[in-house]
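Visitor: Just one file: coords35.cif, with mmCIF, C-alpha atoms.
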data_protein
#
loop_
_atom_site.label_atom_id
_atom_site.label_comp_id
_atom_site.auth_asym_id
_atom_site.auth_seq_id
_atom_site.Cartn_x
_atom_site.Cartn_y
_atom_site.Cartn_z
CA MET A 104 12.29 39.98 4.10
CA SER A 105 10.53 38.22 1.25
CA PRO A 106 6.87 37.25 1.62
CA LEU A 107 5.99 33.68 2.54
CA PRO A 108 4.70 31.44 -0.26
CA LYS A 109 0.90 31.27 -0.58
CA ARG A 110 1.19 27.51 -0.27
CA ALA A 111 0.06 25.42 2.70
CA LEU A 112 0.96 21.93 3.88
CA LEU A 113 -1.78 20.02 5.67
CA ALA A 114 -0.50 17.11 7.76
CA ILE A 115 -2.54 13.91 7.69
CA THR A 116 -2.02 11.00 10.05
CA SER A 117 -0.74 7.83 8.47
CA TYR A 118 -1.89 5.68 11.41
CA HIS A 119 -4.82 3.45 10.47
CA GLY A 120 -4.95 0.82 13.16
CA PRO A 121 -6.99 -0.27 16.17
CA PHE A 122 -8.03 2.47 18.54
CA TYR A 123 -11.63 2.12 19.67
CA PRO A 124 -12.69 -0.17 22.54
CA ASN A 125 -14.48 -2.45 20.06
CA GLY A 126 -11.30 -2.82 17.97
CA ASP A 127 -12.33 -0.48 15.15
CA ASN A 128 -9.50 1.32 13.39
CA THR A 129 -8.89 5.01 13.61
CA GLY A 130 -7.24 7.21 11.02
CA LEU A 131 -7.93 10.49 9.31
CA TYR A 132 -11.07 12.08 10.69
CA TYR A 133 -12.31 13.24 7.30
CA THR A 134 -13.68 16.67 8.18
CA GLU A 135 -10.65 17.55 10.33
CA ALA A 136 -8.75 17.80 7.05
CA LEU A 137 -11.61 18.80 4.74
CA HIS A 138 -12.60 21.93 6.65
CA PRO A 139 -9.12 23.51 6.90
CA TYR A 140 -8.48 22.55 3.26
CA THR A 141 -11.68 24.34 2.25
CA VAL A 142 -10.86 27.47 4.25
CA LEU A 143 -7.27 27.62 3.01
CA THR A 144 -8.15 27.14 -0.66
CA ALA A 145 -10.90 29.75 -0.36
CA ALA A 146 -8.25 32.12 1.00
CA GLY A 147 -6.16 31.54 -2.11
CA PHE A 148 -3.67 29.00 -0.82
CA GLN A 149 -2.41 26.12 -2.88
CA VAL A 150 -2.74 23.21 -0.42
CA ASP A 151 -0.79 19.96 -0.38
CA LEU A 152 -1.61 16.99 1.83
CA ALA A 153 1.14 14.86 3.33
CA SER A 154 1.64 12.11 5.89
CA GLU A 155 4.70 10.50 7.43
CA THR A 156 4.50 7.52 5.08
CA GLY A 157 2.66 8.96 2.08
CA GLU A 158 -0.35 6.83 3.00
CA TYR A 159 -3.44 7.26 5.13
CA GLY A 160 -6.68 5.54 6.09
CA ILE A 161 -9.98 7.14 6.95
CA ASP A 162 -11.50 6.66 10.38
CA PRO A 163 -14.80 4.94 9.52
CA HIS A 164 -16.51 6.79 12.37
CA SER A 165 -15.79 10.08 10.59
CA VAL A 166 -17.80 9.33 7.47
CA THR A 167 -21.08 8.19 8.99
CA LYS A 168 -24.34 10.06 8.46
CA THR A 169 -24.12 11.43 11.99
CA ALA A 170 -20.54 12.68 11.51
CA LEU A 171 -20.95 14.40 8.13
CA THR A 172 -23.13 17.38 7.32
CA ASP A 173 -25.00 17.19 4.04
CA ALA A 174 -22.37 19.43 2.44
CA ASP A 175 -19.53 17.27 3.81
CA ALA A 176 -21.24 14.13 2.51
CA LEU A 177 -21.50 15.64 -0.97
CA VAL A 178 -17.76 16.23 -0.99
CA TYR A 179 -16.97 12.81 0.48
CA ASN A 180 -19.06 11.04 -2.16
CA ASP A 181 -17.59 13.03 -5.06
CA LYS A 182 -14.32 11.28 -5.87
CA GLN A 183 -13.58 14.01 -8.45
CA ASN A 184 -13.67 16.74 -5.80
CA ASP A 185 -10.31 18.53 -5.50
CA PHE A 186 -9.91 17.51 -1.85
CA ASN A 187 -10.49 13.83 -2.61
CA GLN A 188 -8.09 14.04 -5.54
CA LYS A 189 -5.44 15.46 -3.21
CA LEU A 190 -6.06 12.63 -0.74
CA ALA A 191 -5.69 10.10 -3.55
CA GLN A 192 -2.28 11.63 -4.34
CA ILE A 193 -1.10 12.24 -0.77
CA LYS A 194 2.59 13.01 -0.51
CA LYS A 195 5.24 11.64 1.81
CA ALA A 196 6.34 14.46 4.11
CA SER A 197 10.05 13.70 3.81
CA ASP A 198 9.83 14.11 0.02
CA LEU A 199 8.73 17.75 0.30
CA ASP A 200 10.74 20.97 0.40
CA PRO A 201 9.72 22.81 3.58
CA THR A 202 10.81 26.15 2.13
CA ALA A 203 8.05 25.87 -0.47
CA TYR A 204 5.38 26.40 2.19
CA GLY A 205 4.29 29.53 3.97
CA LEU A 206 1.88 27.72 6.29
CA PHE A 207 1.87 24.34 8.03
CA PHE A 208 -1.37 22.96 9.49
CA ALA A 209 -1.42 19.83 11.66
#
Mind turning this structure into C-alpha cells?

Guide:
Amino acid sequence: MSPLPKRALLAITSYHGPFYPNGDNTGLYYTEALHPYTVLTAAGFQVDLASETGEYGIDPHSVTKTALTDADALVYNDKQNDFNQKLAQIKKASDLDPTAYGLFFA
C-alpha cells in the first residue's frame, strides 16, 4: 500500500446569506479554517481550500475584536499571509482530483 499524499483539502462553506435573527449574513467563521490550516501546514501538509462553488464569504461576527485573538487579528489583517492568499484563490471542489489528497478536513 502506497503512503497517502502529504496534501490536505480544507472545505470552506460557500453559503454567505442571512442566518442571524437580526438578518446578518453568515459564512466562513474565519478561525474555524485558519486554525486547522495553521496546524496542518506546521505538520508539513500542503493545504488547499475549496468550496462547493469556488466562492465564499466571511461571517462578519467571526472577525470582530471579541472573536479574534491578537495573533488571529494579525493574520486576518495581513492580506499577504499564506492563508489569506489561499482564501483569495479558493478552488471549486468539483475541479479537484480527490486522489491528490491524503486528508480531508470539513

Visitor: Pick the closest to Leu112 (chain A) from A:Thr129, A:Ser165, A:Thr134, A:Thr202: which is it, counting only C-alpha atoms?

Guide: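 Of the candidates, the smallest distance to Leu112 (chain A) is held by A:Thr202.
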
Visitor: Would you kindly translate the PyMOL selection byres ((chain A and resi 138) around 12) into the concrete residues it picks from this file, as a PyMOL selection string?

Guide: chain A and resi 113+132-137+139-145+171-172+174-175+178-179+186+208

Visitor: The PyMOL selection byres ((chain A and resi 119) around 10) - which residues does that actually catch in the file I just gave you? List them as a PyMOL selection string.

Guide: chain A and resi 116-118+120-122+127-131+158-162

Visitor: In Å, rounded to a single decimal, give me how far CA of Thr169 (chain A) is from CA of Gln183 (chain A).

Guide: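 Spanning CA of Gln183 (chain A) to CA of Thr169 (chain A) is a straight-line distance of 23.1 Å.
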
Visitor: Using only C-alpha atoms, which residue out of A:Val166, A:Asn180, A:Gly205, A:Asp198 lies closest to Ser105 (chain A)?

Guide: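 Between A:Val166, A:Asn180, A:Gly205, A:Asp198, the residue approaching Ser105 (chain A) most closely is A:Gly205.
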
Visitor: For CA of Ile193 (chain A) and CA of Ile115 (chain A), quote the distance in Å rounded to one decimal.

Guide: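 About the pair CA of Ile193 (chain A) and CA of Ile115 (chain A): they are 8.7 Å apart.
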
Visitor: Mind pulling up the distance from CA of Lys195 (chain A) to CA of Met104 (chain A)?

Guide: 29.3 Å

Visitor: List, as JSON, numbers by chain, every residue that the PyMOL selection byres ((chain A and resi 204) around 8) selects in the file provided.

Guide: {"A": [107, 108, 109, 110, 111, 112, 200, 201, 202, 203, 205, 206, 207]}

Visitor: When you count all atoms listed in the file, which of these residues is closest to Val150 (chain A): A:Asn184, A:Tyr123, A:Leu177, A:Lys189?

Guide: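 For Val150 (chain A), the nearest of the given residues is A:Lys189.
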
Visitor: Please give the centre and size of the box around region 122-133 of chain A (axis-aligned, containing every atom listed in the file, 8 Å added per side), with values in Å to one decimal and written as AutoDock Vina command-line options.

Guide:
--center_x -10.9 --center_y 5.2 --center_z 14.9 --size_x 23.2 --size_y 32.1 --size_z 31.2
